[in-house]
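All remarks here apply to the structure that follows.
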Amino acid sequence: MKKLFILLIILTSLNIQAQPISTAKPWTYWWWMSSTVKKEDISAQLQFFKTSGIGGVHIIPIYGVKGLEKEAIPFLSSQWLDMMQFTVKEGKRLRIGVDLTTGTGWPFGGPNVSQALAAKTMKVKNGKADISLTGQKVKRAAPGGEGFVLDPFHYKAMPQYLSRFDSAFNEIAELPRSMYMDSYEAYGANWTDDFPEEFKKRRRYDILEKLDVLSDSTQNSENELIRIDYHQTLAELLLERYAKPWTEWSKKEGFLTRYQAHGSPGNLLDLYATATIPETESFGTSRFDIPGLRVDPDYSIDQFGTPNPLAMKFASSAAHLNGKKLVSSETGTWLANHFKVSLSQIKPQVDELFASGINHIFYHGTNYSPTNAPYPGWLFYASTHFGPTSHFAKEFPLLNKYVTFCQERLQNSKPDNDILVYFPIHDLWATKAKSSGNIHLLEVHHVDRWLLDLPFGKLTQKLWNAGYSFDFVSDLQLRQLTVKGNNLITSADATYKTILIPSSTYIPLETLRELKRIAAAGVRIIFEENMPKTVTGFADHASNQAAFQKEAATISQMKHVQISADFEKALANINVYPEELAQKGLTFIRKKTDDGRTLYFVTNLSNKFKKGWLKLGTAGAFTRIDPLGAKSLLPFRQSGDIQQVYLQLLPGQSCFLESGAKTGASPEISDLSHSAEITGTWELTFLKGRPSKPANAKMERLDSWTTLPDSAKYFSGTARYTIRFDTPADLPKNKSVVLDLGDVRETARVTINGQDKGTAWCIPFRINLNAGSLKPKDNVLEIEITNLSANYMRLRDKQQPEWKKFLDINIVDITYKKFDASTWEPMPSGLLGPVKLIY
């Protein structure tokens with residue numbers, strides 16, 4: 001009983017609810033427009049989340065609804081706190097977690113941020129510092145949250161900002177699970193009141209005498225050293241005065257923390273590591289070569305960039321090195337224009353996140369909307385709509401079931417990476433900045449501005465594409481590593497075989513000495529192409545450079561150190577090899593289960609692989625675990641000294657591979673090499689939707705229903721395709737057979753001879769069948785297709801555009817221009833086929 005009582009105290013101190021909430025289930029951002037919320041609608045929407053398979057919500061108060069300004073509930077008022085507590089309590093009843101932004105909109109700021117504590121920018125005029133406010137105010141603020149963005153480098157700014165929450169949360173019984181900080185967007189902020197004093201204390205010279213250097217773009221070594229010192233000081237202040245005070249305050253108050261460090265001028269690895277749950281962001285659509293996967297042609301890569309797994313790995317690397325079980329992601333932002341996103345577009349983006357080490361998905365997102373609000377309800381300006389009025393709301397549980405299945409395994413396994421890649425941020429800081437304020441902002445949107453062109457970026461792209469398993473490590477994190485045998489061990493017991501140092505120019509003397517310590521203890525270290533040439537730090541540079549060169553000369557001669565332009569050969573020399581999965585065109589992450597089994601998550605995000613023999617990095621038999629199907633032992637063989645498994649994985653598909661399967665003889669390869677197209681007259685019956693049901697039709701050849709007369713080009717909803725067919729004579733009885741639906745716009749529920757066979761919602765649109773469920777003659781195939789809501793919104797925006805009634809930015813399109821669907825062309829809808837039996 002005493003042990004149980006102690007456990008209860010510990011759980012209470014961590015703010016863990018008495019009943020379990022699921023982190024394996026996906027969670028969602030949940031915007032409260034001006035916090036104009038009512039308890040009955042909160043309960044109704046939470047019930048929708050529960051039914052749909054959502055594990056939690058993240059409350060973000062934002063701007064409001066036109067005409068309802070008087071009904072707005074000011075942020076942190078007693079009425080607002082009552083609504084928050086009600087939500088947390090309802091969440092506990094329904095086993096749905098609740099997180100909360102420490103503020104409204106983004107970034108941090110508000111009414112208790114005075115001008116003295118507001119973000120500041122410094123420009124050099126006539127060799128002197130010209131200091132002014134950036135003037136930036138909280139973006140998309142809710143009532144009660146308006147005000148200046150706080151100075152992220154000021155020692156008083158964060159404590160003063162948080163004092164407002166101390167008083168608000170005092171004696172509050174029902175608190176959220178976690179506090180959240182959005183991505184760093186303090187644009188132009190590059191100075192604080194005591195920056196000269198802090199700089200002189202840390203860097204040992206007066207920055208005020210060197211200001212002209214900060215905007216000098218010439219490749220002068222002295223100037224580069226000063227620019228590095230300037231950025232180093234900003235990074236330290238950001239870590240010490242912004243990230244740590246917030247995470248420490250949250251911990252003291254009983255909250256977990258989710259932190260998006262990206263976008264900041266600091267070292268992302270150190271900043272992410274301060275949070276309980278580091279969080280990355282997947283914004284826009286990746287360019288996957290998956291047949292049939294659509295990309296919105298209006299999405300602007302120049303404006304927003306594309307998601308990049310290397311950027312995602314900064315958050316997961318920080319988690320892996322520090323033993324953080326959860327790594328989250330803001331997921332699905334602007335996948336396509338409003339009303340045009342399908343489930344089949346969401347899944348590949350989620351799979352890319354999983355392969356990058358993310359295991360706690362947060363959809364972006366869902367807007368609070370009254371139950372009685374006219375269609376389409378209240379909507380956020382920049383999201384994929386995951387709410388009750390979404391066109392895929394009925395099939396939403398299928399995506400959530402898939403995510404839950406995957407995250408259960410990803411959260412309950414440990415990283416199994418071979419390589420730590422040092423992040424030489426000082427080489428970046430030495431270059432001319434491309435962001436406002438003349439500083440480097442390490443954002444997830446435009447990784448080309450700071451990551452991809454660096455030797456570090458070029459090297460890690462090669463590692464990723466070749467199939468090496470790796471994490472990133474910072475200067476500070478190197479100091480936390482210990483050595484066991486010839487391996488590096490983190491405080492969380494993650495193990496790595498080697499450190500790889502990208503070709504770089506600048507490195508701190510302390511970091512070089514850490515590498516010397518690690519190499520002396522027996523860990524293999526590989527320097528790509530060359531040893532770093534120059535020590536960081538402008539002060540006492542000559543003497544420090546002499547010490548640096550002495551240490552570098554010693555390290556270069558050490559037994560466990562290699563300097564090589566051929567990193568693959570250098571890695572092979574220490575028995576570190578890439579996984580053949582990547583060479584076949586597959587994307588993966590390799591992990592370890594608690595009982596020591598190797599676990600791969602493998603996703604096919606290309607059109608390079610469909611089936612074939614391949615070698616895995618771990619020997620032994622493997623079980624394939626299909627998140628959308630069953631388990632099966634992979635066929636295996638010995639090819640000389642190499643053991644191979646046979647994998648079938650079509651573009652768009654994903655699976656887990658787990659070692660340790662009990663084996664006898666290898667299973668037979670079940671290649672489905674025959675196909676028979678189902679042809680004839682298709683009867684098309686419109687079942688339900690907006691604006692009204694078009695007339696039924698017949699089709700001899702499958703095509704978009706928007707080609708039909710009547711109102712079909714505006715119809716958004718569900719229609720049934722029916723056809724009768726005979727089973728091919730050469731189809732073996734009681735064998736596997738696949739119904740391939742071809743091009744589906746957008747989801748397809750399949751019934752054969754009155755038996756429900758499931759719903760196809762992602763690429764490839766296939767349903768597994770058993771030949772025994774087919775009759776030799778006169779089978780009845782029914783396929784219910786649900787399309788996007790875009791076609792109806794074309795008409796809605798012509799006839800009733802009044803739904804766009806929100807303050808601030810209101811509703812914009814994917815290019816951030818005024819939203820108008822009335823000019824859109826009809827989106828292809830229905831069953832486009834061809835429909836085939838594969839056997």
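We label chains A, B, ... in the order they appear in the structure tokens, count residues from 1 in each chain, and number ligands from 1 in the order shown.
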
From a backbone DSSP assignment, name each residue in range 324-427 of chain A labelled helix (DSSP H, G or I), as an mmCIF file with N, CA and C atoms, in the first residue's frame.
```
data_model
loop_
_atom_site.group_PDB
_atom_site.id
_atom_site.type_symbol
_atom_site.label_atom_id
_atom_site.label_comp_id
_atom_site.auth_asym_id
_atom_site.auth_seq_id
_atom_site.Cartn_x
_atom_site.Cartn_y
_atom_site.Cartn_z
ATOM 1 N N LEU A 343 -7.926 11.905 -47.741
ATOM 2 C CA LEU A 343 -7.191 11.029 -46.827
ATOM 3 C C LEU A 343 -5.969 10.428 -47.518
ATOM 4 N N SER A 344 -6.086 10.186 -48.822
ATOM 5 C CA SER A 344 -4.969 9.584 -49.552
ATOM 6 C C SER A 344 -3.791 10.537 -49.665
ATOM 7 N N GLN A 345 -4.010 11.836 -49.507
ATOM 8 C CA GLN A 345 -2.911 12.793 -49.479
ATOM 9 C C GLN A 345 -2.292 12.902 -48.093
ATOM 10 N N ILE A 346 -3.063 12.639 -47.060
ATOM 11 C CA ILE A 346 -2.575 12.770 -45.686
ATOM 12 C C ILE A 346 -1.630 11.634 -45.319
ATOM 13 N N LYS A 347 -1.987 10.411 -45.691
ATOM 14 C CA LYS A 347 -1.218 9.241 -45.248
ATOM 15 C C LYS A 347 0.265 9.310 -45.620
ATOM 16 N N PRO A 348 0.652 9.639 -46.868
ATOM 17 C CA PRO A 348 2.093 9.683 -47.161
ATOM 18 C C PRO A 348 2.848 10.706 -46.324
ATOM 19 N N GLN A 349 2.199 11.848 -46.016
ATOM 20 C CA GLN A 349 2.867 12.842 -45.166
ATOM 21 C C GLN A 349 3.079 12.297 -43.758
ATOM 22 N N VAL A 350 2.102 11.580 -43.246
ATOM 23 C CA VAL A 350 2.238 10.951 -41.924
ATOM 24 C C VAL A 350 3.341 9.890 -41.964
ATOM 25 N N ASP A 351 3.371 9.106 -43.039
ATOM 26 C CA ASP A 351 4.398 8.066 -43.150
ATOM 27 C C ASP A 351 5.801 8.662 -43.181
ATOM 28 N N GLU A 352 5.970 9.786 -43.859
ATOM 29 C CA GLU A 352 7.273 10.443 -43.874
ATOM 30 C C GLU A 352 7.677 10.890 -42.470
ATOM 31 N N LEU A 353 6.721 11.384 -41.714
ATOM 32 C CA LEU A 353 6.988 11.774 -40.328
ATOM 33 C C LEU A 353 7.404 10.569 -39.495
ATOM 34 N N PHE A 354 6.682 9.460 -39.631
ATOM 35 C CA PHE A 354 7.039 8.255 -38.882
ATOM 36 C C PHE A 354 8.470 7.829 -39.188
ATOM 37 N N ALA A 355 8.836 7.821 -40.472
ATOM 38 C CA ALA A 355 10.174 7.388 -40.864
ATOM 39 C C ALA A 355 11.246 8.356 -40.380
ATOM 40 N N PHE A 396 -12.862 9.167 -41.444
ATOM 41 C CA PHE A 396 -11.790 9.654 -40.576
ATOM 42 C C PHE A 396 -11.305 8.598 -39.589
ATOM 43 N N PRO A 397 -12.187 7.791 -38.985
ATOM 44 C CA PRO A 397 -11.706 6.754 -38.063
ATOM 45 C C PRO A 397 -10.726 5.772 -38.705
ATOM 46 N N LEU A 398 -10.811 5.574 -40.015
ATOM 47 C CA LEU A 398 -9.901 4.632 -40.672
ATOM 48 C C LEU A 398 -8.471 5.163 -40.667
ATOM 49 N N LEU A 399 -8.301 6.448 -40.969
ATOM 50 C CA LEU A 399 -6.974 7.061 -40.863
ATOM 51 C C LEU A 399 -6.473 7.002 -39.430
ATOM 52 N N ASN A 400 -7.345 7.304 -38.481
ATOM 53 C CA ASN A 400 -6.932 7.333 -37.073
ATOM 54 C C ASN A 400 -6.567 5.941 -36.564
ATOM 55 N N LYS A 401 -7.263 4.934 -37.047
ATOM 56 C CA LYS A 401 -6.923 3.560 -36.678
ATOM 57 C C LYS A 401 -5.526 3.207 -37.189
ATOM 58 N N TYR A 402 -5.236 3.627 -38.406
ATOM 59 C CA TYR A 402 -3.904 3.386 -38.978
ATOM 60 C C TYR A 402 -2.821 4.087 -38.159
ATOM 61 N N VAL A 403 -3.036 5.367 -37.855
ATOM 62 C CA VAL A 403 -2.047 6.123 -37.087
ATOM 63 C C VAL A 403 -1.843 5.509 -35.713
ATOM 64 N N THR A 404 -2.930 5.113 -35.077
ATOM 65 C CA THR A 404 -2.843 4.506 -33.738
ATOM 66 C C THR A 404 -2.038 3.213 -33.775
ATOM 67 N N PHE A 405 -2.318 2.379 -34.751
ATOM 68 C CA PHE A 405 -1.588 1.113 -34.899
ATOM 69 C C PHE A 405 -0.087 1.384 -35.006
ATOM 70 N N CYS A 406 0.278 2.337 -35.846
ATOM 71 C CA CYS A 406 1.700 2.626 -36.049
ATOM 72 C C CYS A 406 2.328 3.248 -34.809
ATOM 73 N N GLN A 407 1.635 4.206 -34.201
ATOM 74 C CA GLN A 407 2.230 4.916 -33.072
ATOM 75 C C GLN A 407 2.369 4.046 -31.839
ATOM 76 N N GLU A 408 1.501 3.080 -31.672
ATOM 77 C CA GLU A 408 1.663 2.142 -30.556
ATOM 78 C C GLU A 408 3.018 1.460 -30.627
ATOM 79 N N ARG A 409 3.426 1.071 -31.826
ATOM 80 C CA ARG A 409 4.716 0.389 -31.995
ATOM 81 C C ARG A 409 5.885 1.361 -31.970
ATOM 82 N N LEU A 410 5.716 2.517 -32.545
ATOM 83 C CA LEU A 410 6.802 3.487 -32.590
ATOM 84 C C LEU A 410 7.083 4.083 -31.215
ATOM 85 N N GLN A 411 6.031 4.275 -30.411
ATOM 86 C CA GLN A 411 6.234 4.839 -29.075
ATOM 87 C C GLN A 411 6.802 3.820 -28.098
ATOM 88 N N ILE A 425 27.051 24.109 -36.497
ATOM 89 C CA ILE A 425 26.253 25.315 -36.659
ATOM 90 C C ILE A 425 27.114 26.558 -36.808
ATOM 91 N N HIS A 426 28.352 26.490 -36.343
ATOM 92 C CA HIS A 426 29.214 27.672 -36.430
ATOM 93 C C HIS A 426 29.555 28.016 -37.878
ATOM 94 N N ASP A 427 29.621 27.009 -38.737
ATOM 95 C CA ASP A 427 29.845 27.288 -40.151
ATOM 96 C C ASP A 427 28.659 28.045 -40.753
#
```

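The list of residues with at least one atom within 8 Å of Leu649 in chain A, based on only C-alpha atoms and without residues fewer than 4 positions apart in the same chain, reads Asn604, Phe609, Lys610, Lys611, Gln653 and Ser654 of chain A.
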
For the atom pair CA of Ser711 in chain A and CA of Ser692 in chain A, what is the interatomic distance in Å to one decimal place? 7.8 Å

Which residue of A:Trp464, A:Phe527, A:Tyr506, A:Tyr714 approaches Gln583 in chain A most closely, using only C-alpha atoms: A:Trp464

Write out as CSV the residues of range 66-182 of chain A that have any atom within 10 Å of an atom of range 433-438 of chain A, one row each with the nearest atom pair and its distance in Å to one decimal, counting only C-alpha atoms, sorted by chain and then rising number.
```
residue,atom,partner,partner_atom,distance
A:Lys120,CA,A:Gly437,CA,9.7
A:Thr121,CA,A:Gly437,CA,6.7
A:Met122,CA,A:Gly437,CA,7.4
A:Lys123,CA,A:Gly437,CA,7.8
A:Thr134,CA,A:Gly437,CA,9.5
```

To test your reading of the structure, identify every residue in range 440-621 of chain A that backbone DSSP assigns to strand (DSSP E or B), and report it as JSON, numbers by chain. {"A": [442, 470, 471, 472, 473, 482, 483, 484, 487, 488, 489, 495, 496, 498, 499, 500, 501, 506, 507, 524, 525, 526, 527, 528, 534, 535, 561, 562, 563, 564, 587, 588, 589, 590, 591, 592, 593, 598, 599, 600, 601, 602, 603, 611, 612, 613, 614]}

Here CA of Glu658 in chain A and CA of Gly357 in chain A stand apart by 17.1 Å

Give me the residues within 9 Å of range 816-820 of chain A as an NGL selection string, counting only C-alpha atoms and dropping any in the same chain fewer than 5 places off. :A and (338 or 381-382 or 794 or 797-798 or 801 or 804 or 809-811)

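As for CA of Ser556 in chain A and CA of Leu428 in chain A, they are spaced 24.0 Å apart.
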
Set the distance at 10 Å and use only C-alpha atoms: which residues neighbour Val138 in chain A once local chain neighbours fewer than 5 positions away are removed? I'd like the list as a VMD selection string. chain A and resid 103 to 111 145 to 150 185 to 186

Nearest to Phe567 in chain A by atom-to-atom distance, counting only C-alpha atoms, from A:Ser215, A:Thr554, A:Ser503, A:Thr593: A:Ser503

Using only C-alpha atoms for the distances, tell me which of A:Leu420, A:Ile54, A:Leu225, A:Ile42 is nearest to Thr460 in chain A.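 Answer, going by the shortest atom-to-atom distance: A:Leu420.
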
Using only C-alpha atoms, determine which residues lie at most 6 Å from range 498-502 of chain A, disregarding the query and same-chain residues fewer than 2 positions distant; provide the list as a ChimeraX atom specification. /A:419-422,456,496,504,524-528

Just write the chosen residues, N, CA, C and O atoms, as a compact mmCIF listing (two decimals), in the first residue's frame.
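Result file is out.txt:
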```
# COMPACT_ATOMS: atom_id res chain seq x y z
N ILE A 419 24.86 6.01 -36.35
CA ILE A 419 25.75 7.16 -36.52
C ILE A 419 25.18 8.38 -35.82
O ILE A 419 23.99 8.66 -35.88
N LEU A 420 26.07 9.13 -35.16
CA LEU A 420 25.77 10.47 -34.72
C LEU A 420 26.47 11.44 -35.67
O LEU A 420 27.68 11.36 -35.85
N VAL A 421 25.71 12.34 -36.27
CA VAL A 421 26.28 13.34 -37.18
C VAL A 421 26.35 14.67 -36.43
O VAL A 421 25.32 15.19 -35.98
N TYR A 422 27.55 15.19 -36.29
CA TYR A 422 27.75 16.46 -35.60
C TYR A 422 27.17 17.60 -36.45
O TYR A 422 27.38 17.66 -37.66
N PHE A 456 27.13 19.93 -44.14
CA PHE A 456 26.31 19.10 -43.25
C PHE A 456 25.05 18.64 -43.97
O PHE A 456 24.68 17.45 -43.92
N TYR A 496 25.33 4.35 -30.11
CA TYR A 496 25.79 4.71 -31.46
C TYR A 496 27.20 4.17 -31.65
O TYR A 496 28.00 4.13 -30.72
N SER A 504 33.96 20.80 -42.40
CA SER A 504 33.61 22.06 -41.77
C SER A 504 34.86 22.88 -41.53
O SER A 504 35.99 22.36 -41.52
N ARG A 524 34.97 5.20 -32.59
CA ARG A 524 35.45 5.58 -33.91
C ARG A 524 34.85 6.92 -34.33
O ARG A 524 33.62 7.10 -34.28
N ILE A 525 35.71 7.84 -34.76
CA ILE A 525 35.28 9.16 -35.23
C ILE A 525 35.78 9.35 -36.65
O ILE A 525 36.94 9.09 -36.96
N ILE A 526 34.89 9.82 -37.51
CA ILE A 526 35.22 10.03 -38.93
C ILE A 526 35.06 11.51 -39.25
O ILE A 526 33.97 12.08 -39.04
N PHE A 527 36.12 12.12 -39.74
CA PHE A 527 36.07 13.48 -40.24
C PHE A 527 35.94 13.41 -41.76
O PHE A 527 36.79 12.82 -42.43
N GLU A 528 34.89 14.02 -42.29
CA GLU A 528 34.69 14.01 -43.73
C GLU A 528 35.66 14.99 -44.39
O GLU A 528 35.61 16.20 -44.11
```

Selected residue, from A:Val213, A:Leu117, A:Leu454, A:Ala275, that lies nearest to Ala243 in chain A when counting only C-alpha atoms: A:Ala275

Would you give me, as CSV, each residue of range 246-299 of chain A having an atom within 12 Å of an atom of range 166-170 of chain A, along with its shortest atom pair and that distance in Å to one decimal, using only C-alpha atoms and sorting by chain and residue number?
```
residue,atom,partner,partner_atom,distance
A:Trp249,CA,A:Asp166,CA,9.3
A:Ser250,CA,A:Asp166,CA,10.2
A:Lys252,CA,A:Asp166,CA,10.7
A:Glu253,CA,A:Asp166,CA,8.5
A:Gly254,CA,A:Phe169,CA,11.0
A:Phe255,CA,A:Phe169,CA,11.6
```

List the neighbours of Trp824 in chain A out to 12 Å using only C-alpha atoms; skip same-chain residues closer than 6 positions along the sequence, and give me the result as a list in words.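 The contact residues come out as Asp298, Asn337, His338, Phe339, Lys340, Lys713, Tyr714, Ala790, Asn791, Tyr792, Met793, Arg794, Leu795, Arg796, Asp797, Lys798 and Asp813 of chain A.
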
If you count only C-alpha atoms, which residues fall within 12 Å of Ala539 in chain A, apart from same-chain ones fewer than 2 positions away, as a PyMOL selection string? chain A and resi 199-207+222+225-226+228-229+535-537+541-545

Residue among A:Gln160, A:Ser369, A:Arg766, A:Gly284 lying closest to Lys39 in chain A, counting only C-alpha atoms: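 For Lys39 in chain A, the nearest of the given residues is A:Ser369.
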
Can you write out as CSV which residues of range 650-766 of chain A fall within 7 Å of range 616-626 of chain A, alongside each residue's closest atom pair and its distance in Å to one decimal, counting only C-alpha atoms and ordering rows by chain and ascending residue number?
```
residue,atom,partner,partner_atom,distance
A:Cys655,CA,A:Asp626,CA,4.8
A:Phe656,CA,A:Ile625,CA,4.9
A:Leu657,CA,A:Arg624,CA,4.7
A:Glu658,CA,A:Thr623,CA,5.2
A:Ser659,CA,A:Phe622,CA,4.5
A:Gly660,CA,A:Ala621,CA,6.0
A:Ala661,CA,A:Ala621,CA,5.3
A:Thr663,CA,A:Ala621,CA,6.8
```

Closest of A:Ser286, A:Ser413, A:Thr431, A:Gln480 to Asp270 in chain A - atom-to-atom distances counting only C-alpha atoms: A:Gln480
